[in-house]
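These notes are about the structure you will find just below.
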Amino acid sequence: MPAGTLYRGREGMWSWVAHRVTGVLIFFFLLVHVLDTALVRVSPQAYDSVIQTYKTPVVNLMEYGLTAAILFHALNGLRVIAVDFWSKGPKYQKQMLWSVVGLWVVLMAASFYHILQHTLLTWFGK
Amino acid sequence: MSAPTIDAPHSAALDAAEAGGVQMITFTLRIRRFNPEEHPEPVWVDYQLTMDPKERVLDALNKVKWEQDGTLTYRRSCAHGICGSDAMRINGRNRLACKTLLKDVNPEQPITVEAIKGLAVLKDLVVDMDPFFQAYKDVMPFLITKGNEPTRERLQSAEDRERFDDTTKCILCAACTSSCPVFWNDGQYFGPAAIVGAHRFIFDSRDEGGEQRLEILNDREGVWRCRTTFNCSEACPRGIEVTKAIQEVKRALVTRRF
Amino acid sequence: MQIHQYDTVIVGAGGAGMRAAIESTQHSRTAVLTKLYPTRSHTGAAQGGMCAALANVEEDNWEWHTFDTVKGGDYLVDQDAAEIMCKEAIDAVLDLEKMGLPFSRTEAGRIDQRRFGGHTRNHGEAAVRRSCYAADRTGHMILQTLFQNCIKHGVEFFNEFYVLDLLINEGKTSGVVAYELATGEIHVFQAKAVVFASGGTGKFFKVTSNAHTLTGDGQALVYRRGLPLEDMEFFQFHPTGIWRMGILLTEGARGEGGILRNKDGERFMERYAPVMKDLASRDVCSRAIYTEIREGRGCGPEGDHVYLDLTHLPPEQLDAKLPDITEFARTYLGIEPYTDPIPIQPTAHYAMGGIPTNVEGEVLRNNTDVVPGLYAAGEVACVSVHGANRLGTNSLLDINVFGKRAGLAAAAYSSTVDFTPLPQNPAEKVQALVDGLRESTGTESVAQIRKELQETMDVNAMVYRTGATLKQASEDIAALRERYKHVAIQDKGFRYNTDLLEAVELGNLLDLAEVLVVSALAREESRGGHFREDFPTRDDVKFMQHTMAYQEVAADGSTSIRLDYKPVVTTRYQPMERKY
Amino acid sequence: MSTDTTGIELVASSQAHTGKGLGTGNPADEFVIQPPRARTRTTPRRTRTNFEMLAWLFMRLSGVVLVVLILGHLLIMLVLDGGVSKINFAFVAGRWASPFWQGWDLLMLWLAMLHGANGMRTVINDYAEKDSTRLWLKTLMGAATVFTVLLGTLVIFTFDPNI
Ligand SMILES: Cc1cc2nc3c(=O)[nH]c(=O)nc-3n(C[C@H](O)[C@H](O)[C@H](O)COP(=O)(O)OP(=O)(O)OC[C@H]3O[C@@H](n4cnc5c(N)ncnc54)[C@H](O)[C@@H]3O)c2cc1C
Ligand code: HEM
Ligand code: SF4
Ligand code: F3S
Ligand code: FES
């Protein structure tokens with residue numbers, strides 16, 4: 001696409017792009033997640049060995065990313081629902097979006113240690 | 001004879017508006033030109049202009065056409081935002097060229113101008129509007145009533161009139177529809193303008209065709225395709241709360257009571 | 001070249017064209033040819049309202065409306081036509097309401113009405129509420145509603161088709177020739193009846209409320225076929241255009257209580273029109289403004305404008321009744337009308353003159369006879385209901401009343417007659433015109449000639465005119481017409497060649513400007529919109545008649561203008577001194 | 001003097017602009033910049049069912065419920081006592097011993113998968129240009145969904161902590 005033909009949408013458009021991207025991401029993750037959990041039917045060892053790989057720093061970080069995606073999708077999803085069903089929703093969509101982002105940042109910061117403690121512990125020790 | 005005078009001091013804005021001796025600026029207008037008779041691919045062309053920053057982008061286009069390159073092609077008529085001819089993408093966003101002052105689109109940088117998205121580009125800034133109008137026609141945008149006509153006007157309270165006021169302002173400029181990401185993806189979606197057109201009648205207390213129109217918009221390509229991206233509301237030069245109108249139609253469909 | 005056959009062809013899809021189309025489509029096979037998508041027509045720019053003596057809010061009747069129209073037109077109005085218009089006004093408004101037009105409403109749910117310039121109760125006693133409106137978007141609503149009803153009736157539109165010639169054969173209408181913008185192709189439309197509704201011609205002035213596309217195409221091509229143009233010297237200058245830009249601020253603003261003020265803040269209209277004050281008719285207000293400016297009481301550093309003051313009106317009232325024009329002030333001037341007065345100046349607005357028709361919309365080829373099958377309605381036509389000065393709101397009325405009449409008459413005619421054969425090589429003239437422009441090797445620029453035309457018209461043929469200024473304009477136009485012969489265009493293509501069409505339109509403007517100036521020069525009196533400083537009074541003995549201008553073509557192909565006069569139809573009202 | 005129109009083909013319809021160029025035979029028409037998919041006479045296809053509306057409603061309702069289910073799930077799995085480090089077979093076994101958590105996870109699985117699948121359907125509809133591509137993608141996605149949902153359900157119901 002020749003440069004400049006991008007549409008410079010505003011908050012509403014970019015939040016939708018993010019919502020869509022995170023939605024698709026979660027969907028694919030979910031497929032994998034059900035598969036790995038299904039291993040509990042195969043044998044405890046198989047399950048535990050897969051879960052073990054989840055505890056590596058790389059996957060742990062991805063987990064953090066996934067949480068970020070789910071959190072954003074969930075919060076923004078609530079915003080979309082508010083736009084749909086609350087008559088003043090469209091008017092306050094931007095304020096709601098910034099609240100979503102704000103809440104998301106807070107929650108992500110709060111869960112930083114909790115989710116990544118495993119990695120932090122491996123890397124930096126106690 | 002009493003001659004009431006205005007004693008309010010001149011505001012700075014009024015002084016600015018009336019100031020003599022305009023400060024001209026020189027800037028670049030970057031237009032995405034496309035003329036299939038000459039070249040099958042679109043190209044960006046830069047034009048240097050010196051103008052009063054309080055003039056409109058349409059004035060700048062006119063200046064290019066009249067003084068530099070007569071082949072530049074675009075639609076325009078009223079030149080004050082009332083006819084809907086000149087929706088185009090200015091600095092990446094849909095606007096009416098005649099309602100956009102140069103000073104408001106940062107003339108320090110090149111100002112980019114290109115055709116609206118999602119409709120076939122025929123030449124320069126001219127797109128094929130027929131699919132757009134077809135979608136509008138498809139929602140039956142005319143008053144539908146049953147029974148005998150009254151001899152005088154139909155009565156309508158001021159509140160009932162106010163209910164659909166916002167969507168009567170539409171000038172069918174297509175700025176909204178061509179800003180909608182769902183519409184770009186495939187031209188099948190009815191698009192916000194058609195829904196605005198339907199809304200204007202669905203919420204008119206005199207109209208009795210709301211049910212039919214709702215049924216039309218209940219289509220696979222109807223209101224449900226809207227992803228609430230708000231590009232339409234941002235783009236509308238008439239300040240119509242387009243997304244809100246769409247949501248009202250959705251809610252009317254869900255409740256089917258209005 | 002393609003040939004099409006339709007019973008009725010309508011040229012133009014503004015208010016008049018679409019109103020005609022709604023009628024004629026129901027009775028005959030109709031095509032509407034329009035150089036713009038219908039909703040782009042300039043009817044959509046009309047703001048203030050459409051008058052009808054509905055008496056919804058105050059006592060009123062159509063006879064008072066007729067009187068105001070006749071007086072407003074400085075007694076040059078054909079009174080039989082004015083009576084029809086004012087009487088049918090009531091149904092015209094009700095028809096629109098039934099078609100779905102969202103009028104602003106009264107408390108009781110009826111169509112609301114507001115005051116407007118020159119509209120009075122009981123023959124001039126006081127201002128009356130007669131104008132039906134939808135905020136300050138009345139024209140927009142009319143245009144949209146008519147378009148919507150055209151969709152309902154399945155009207156067949158040919159969008160972006162420029163009609164460039166009228167075909168007359170054996171003295172009867174046989175069709176039109178059009179140029180398709182998208183492809184550059186020429187189309188011949190054979191038709192039994194043709195209705196011209198192609199709108200105004202304001203673009204020969206620089207400061208104008210008119211759209212870029214109002215170039216008088218209809219008037220010009222009919223005129224070149226040897227048919228007369230009536231009263232072209234009467235052009236209305238609306239008092240309140242945005243300073244320098246000409247964008248209109250409706251008279252409804254003064255109807256809602258807005259006041260004109262000079263640089264001292266004085267409400268100067270009290271001096272010029274003690275009764276109606278700011279709501280005097282437009283010619284009176286425009287002259288008053290220019291007098292203030294000339295006498296040094298204009299505003300701004302150059303003293304070249306006055307103010308429209310709305311600051312004393314409650315913001316809620318402005319939001320509800322005048323939302324668009326307040327937005328214009330914000331967008332284009334960057335000022336806040338709640339707190340600042342708006343700089344304004346008179347702006348070229350409306351052509352009272354045009355193609356002469358009778359009350360059925362039939363086009364006259366001289367003072368008495370019609371061209372069978374040819375109709376005109378709207379601003380392109382001159383019925384004449386506006387005489388020397390149109391009252392505000394009477395044009396939206398005109399396009400509805402006479403648009404409908406012309407549509408009905410055309411359909412009735414075309415269902416009784418056969419096609420008139422097309423002349424030999426029907427597209428010859430248009431082909432020659434576009435080929436000539438495409439292949440021209442001249443050096444003159446369209447934009448430059450147009451600019452000079454607009455400048456001379458603004459200086460010499462505006463609100464105040466004298467023999468000398470008009471002669472100057474006439475010489476300038478003659479020189480520009482000469483230069484126009486060597487005009488060249490840059491776009492030689494076929495697809496969307498707007499360069500070519502701007503050149504064609506300029507040709508029309510030049511011809512019509514010449515007619516305006518020549519007619520004005522001959523009218524040695526002041527009446528309505530035509531004010532001669534060298535003849536400042538009305539002369540009912542010599543000039544109580546309509547000007548009829550004909551193009552005469554000499555053997556060598558050169559053209560000249562022949563003026564003739566047509567009596568005014570007077571029924572009830574004898575001319576009186578005109579005071580507001 | 002007149003032109004005889006009997007032999008000439010009369011053109012009656014107005015412009016046939018359908019987004020497929022101007023249809024005038026002008027070679028330049030091939031180069032018109034097309035919209036992604038032209039709206040034609042046969043589209044949009046009227047559906048006349050409430051499917052889209054129900055799907056839309058389902059997205060919102062399931063969304064609200066999922067907020068509770070998924071955020072709760074995340075909280076327990078990733079945040080509370082020890083995060084991922086604590087997860088192993090025994091932990092899962094412990095949870096699924098209770099029908100409450102069985103129900104929770106089952107509902108979460110179904111809602112999330114149906115919500116996700118419907119969301120993916122929208123995405124595919126938007127971006128797949130050809131009808132056949134669309135069909136393929138949707139079939140693939142549908143199959144994956146059905147498989148996953150069935151597998152997950154099976155696992156939850158037939159889970160045996162003493163394996
Ligand atoms: C800013 C403004 C405000 C106004 N406000 C009021 C008001 O409040 N009340 C009132 O009564 N009047 C008002 N008027 C006047 C009134 O709006 C116009 O006179 C009236 O709308 C003219 O309508 P019309 O149908 O004759 O022409 P238009 O609406 O101008 O339509 C002309 C049509 O002809 C077509 N056309 C032109 N040339 C060609 C060609 N060569 N080939 C094919 N088609 C062609 C165009 O495409 C267009 O569709 C206002 C005018 C202006 C400019
Ligand atoms: C956590 C709670 C969730 C909420 C509140 C939520 C909310 C929503 C809402 C309201 C929509 C509709 C958006 C629209 O119509 O414009 C949506 C779309 C979507 N959701 Fe979710 N969702 C959640 C979880 C999930 C999960 C777990 C998945 C993946 C399996 C998912 C995948 C999707 C997808 C793919 C879309 C379509 C995106 C689009 O069309 O742009 N969502 N979500
Ligand atoms: S809703 Fe607004 S943007 Fe869309 S067509 Fe109407 S006026 Fe233009
Ligand atoms: S831009 Fe499109 S997605 Fe909806 S909110 Fe507007 S129609
Ligand atoms: S030219 Fe009419 S809207 Fe811009």
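Each chain in the structure tokens gets a letter, A, B, ..., in the order shown, and its residues are numbered from 1; ligands are numbered from 1 in order too.
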Distance limit 9 Å, atoms considered: only C-alpha atoms. Which chain B residues sit that close to chain A? Return them as a count of residues only. 26
Kindly assemble as CSV a list of the chain B residues that lie within 9 Å of ligand 3, each paired with its nearest atom pair and their distance in Å to one decimal, using only C-alpha atoms and all ligand atoms, sorted first by chain and then by ascending residue number.
residue,atom,partner,partner_atom_place_in_ligand_line,distance
B:Ile82,CA,ligand 3,7 (S),8.9
B:Gly84,CA,ligand 3,8 (Fe),6.8
B:Ala87,CA,ligand 3,8 (Fe),8.0
B:Asn94,CA,ligand 3,3 (S),8.7
B:Arg95,CA,ligand 3,3 (S),8.5
B:Thr167,CA,ligand 3,1 (S),7.2
B:Thr168,CA,ligand 3,6 (Fe),8.7
B:Lys169,CA,ligand 3,7 (S),6.6
B:Cys170,CA,ligand 3,6 (Fe),3.7
B:Ile171,CA,ligand 3,7 (S),4.4
B:Leu172,CA,ligand 3,5 (S),3.6
B:Cys173,CA,ligand 3,8 (Fe),4.0
B:Ala174,CA,ligand 3,5 (S),4.1
B:Ala175,CA,ligand 3,3 (S),4.2
B:Cys176,CA,ligand 3,3 (S),4.0
B:Thr177,CA,ligand 3,4 (Fe),6.2
B:Ser178,CA,ligand 3,3 (S),8.6
B:Ser179,CA,ligand 3,3 (S),8.7
B:Gly191,CA,ligand 3,4 (Fe),8.9
B:Pro192,CA,ligand 3,4 (Fe),6.4
B:Ala193,CA,ligand 3,4 (Fe),4.5
B:Ala194,CA,ligand 3,5 (S),8.0
B:Ile195,CA,ligand 3,1 (S),8.6
B:Val196,CA,ligand 3,1 (S),6.0
B:Gly197,CA,ligand 3,6 (Fe),8.0
B:Cys232,CA,ligand 3,3 (S),6.4
B:Ser233,CA,ligand 3,3 (S),7.4
B:Glu234,CA,ligand 3,3 (S),8.6
B:Ala235,CA,ligand 3,3 (S),5.9
B:Cys236,CA,ligand 3,3 (S),3.5
B:Pro237,CA,ligand 3,2 (Fe),5.7
B:Arg238,CA,ligand 3,7 (S),5.2
B:Gly239,CA,ligand 3,2 (Fe),6.8
B:Ile240,CA,ligand 3,2 (Fe),5.7
B:Glu241,CA,ligand 3,1 (S),8.1
B:Val242,CA,ligand 3,1 (S),6.1
If you keep C-alpha atoms, can you produce a file of those selected residues as a PDB file, in the first residue's frame?
ATOM      1  CA  ILE B  82     -23.887  21.997   2.755  1.00  0.00           C
ATOM      2  CA  GLY B  84     -21.680  17.040   0.483  1.00  0.00           C
ATOM      3  CA  ALA B  87     -15.578  14.585   1.177  1.00  0.00           C
ATOM      4  CA  ASN B  94     -12.198  12.192   6.130  1.00  0.00           C
ATOM      5  CA  ARG B  95     -13.336  15.788   5.971  1.00  0.00           C
ATOM      6  CA  THR B 167     -30.179  12.392  11.713  1.00  0.00           C
ATOM      7  CA  THR B 168     -32.145  14.813   9.511  1.00  0.00           C
ATOM      8  CA  LYS B 169     -28.974  16.848   9.119  1.00  0.00           C
ATOM      9  CA  CYS B 170     -27.262  14.300   6.878  1.00  0.00           C
ATOM     10  CA  ILE B 171     -26.019  15.628   3.545  1.00  0.00           C
ATOM     11  CA  LEU B 172     -25.045  12.215   2.136  1.00  0.00           C
ATOM     12  CA  CYS B 173     -21.421  13.171   1.787  1.00  0.00           C
ATOM     13  CA  ALA B 174     -20.170   9.622   2.484  1.00  0.00           C
ATOM     14  CA  ALA B 175     -17.480  10.804   4.888  1.00  0.00           C
ATOM     15  CA  CYS B 176     -18.824   8.389   7.473  1.00  0.00           C
ATOM     16  CA  THR B 177     -19.316   5.314   5.336  1.00  0.00           C
ATOM     17  CA  SER B 178     -15.924   5.669   3.705  1.00  0.00           C
ATOM     18  CA  SER B 179     -14.248   6.042   7.104  1.00  0.00           C
ATOM     19  CA  GLY B 191     -22.660   1.610   6.031  1.00  0.00           C
ATOM     20  CA  PRO B 192     -23.389   4.296   8.593  1.00  0.00           C
ATOM     21  CA  ALA B 193     -24.948   6.801   6.181  1.00  0.00           C
ATOM     22  CA  ALA B 194     -27.668   4.381   5.144  1.00  0.00           C
ATOM     23  CA  ILE B 195     -28.362   3.554   8.771  1.00  0.00           C
ATOM     24  CA  VAL B 196     -28.550   7.272   9.574  1.00  0.00           C
ATOM     25  CA  GLY B 197     -31.046   7.591   6.722  1.00  0.00           C
ATOM     26  CA  CYS B 232     -18.060   7.632  11.368  1.00  0.00           C
ATOM     27  CA  SER B 233     -18.986   9.900  14.252  1.00  0.00           C
ATOM     28  CA  GLU B 234     -15.553  11.522  14.146  1.00  0.00           C
ATOM     29  CA  ALA B 235     -15.769  12.045  10.398  1.00  0.00           C
ATOM     30  CA  CYS B 236     -19.269  13.472  10.096  1.00  0.00           C
ATOM     31  CA  PRO B 237     -18.989  17.109   9.050  1.00  0.00           C
ATOM     32  CA  ARG B 238     -22.518  17.770  10.246  1.00  0.00           C
ATOM     33  CA  GLY B 239     -21.693  16.634  13.753  1.00  0.00           C
ATOM     34  CA  ILE B 240     -24.250  13.843  13.684  1.00  0.00           C
ATOM     35  CA  GLU B 241     -23.769  11.309  16.461  1.00  0.00           C
ATOM     36  CA  VAL B 242     -23.703   8.504  13.953  1.00  0.00           C
TER      37      VAL B 242
END
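The neighbours of Val487 in chain C here are the residues that come within 12 Å of it, using only C-alpha atoms and leaving out any residue fewer than 5 positions away in the same chain; they are Gly436, Leu437, Arg438, Glu439, Ser440, Thr441, Gly442, Thr443, Glu444, Ser445, Val446, Ala447, Gln448, Ile449, Arg450, Leu480, Arg481, Glu482, Asp499, Leu500, Glu502, Ala503, Val504, Leu506 and Gly507 of chain C.
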Tell me, in Å to one decimal, how far atom 43 (N, counted along the ligand's line) of ligand 2 is from CA of Ala128 in chain D. 20.2 Å
Once you count only C-alpha atoms, which residues of chain C turn out to be within 7 Å of chain B? Could you give them as an NGL selection string? :C and (39-42 or 44-45 or 94 or 97-100 or 105-110 or 148-149 or 151-152 or 210-213 or 264-267 or 300-301 or 333-335 or 340 or 447 or 489-491 or 498-499)
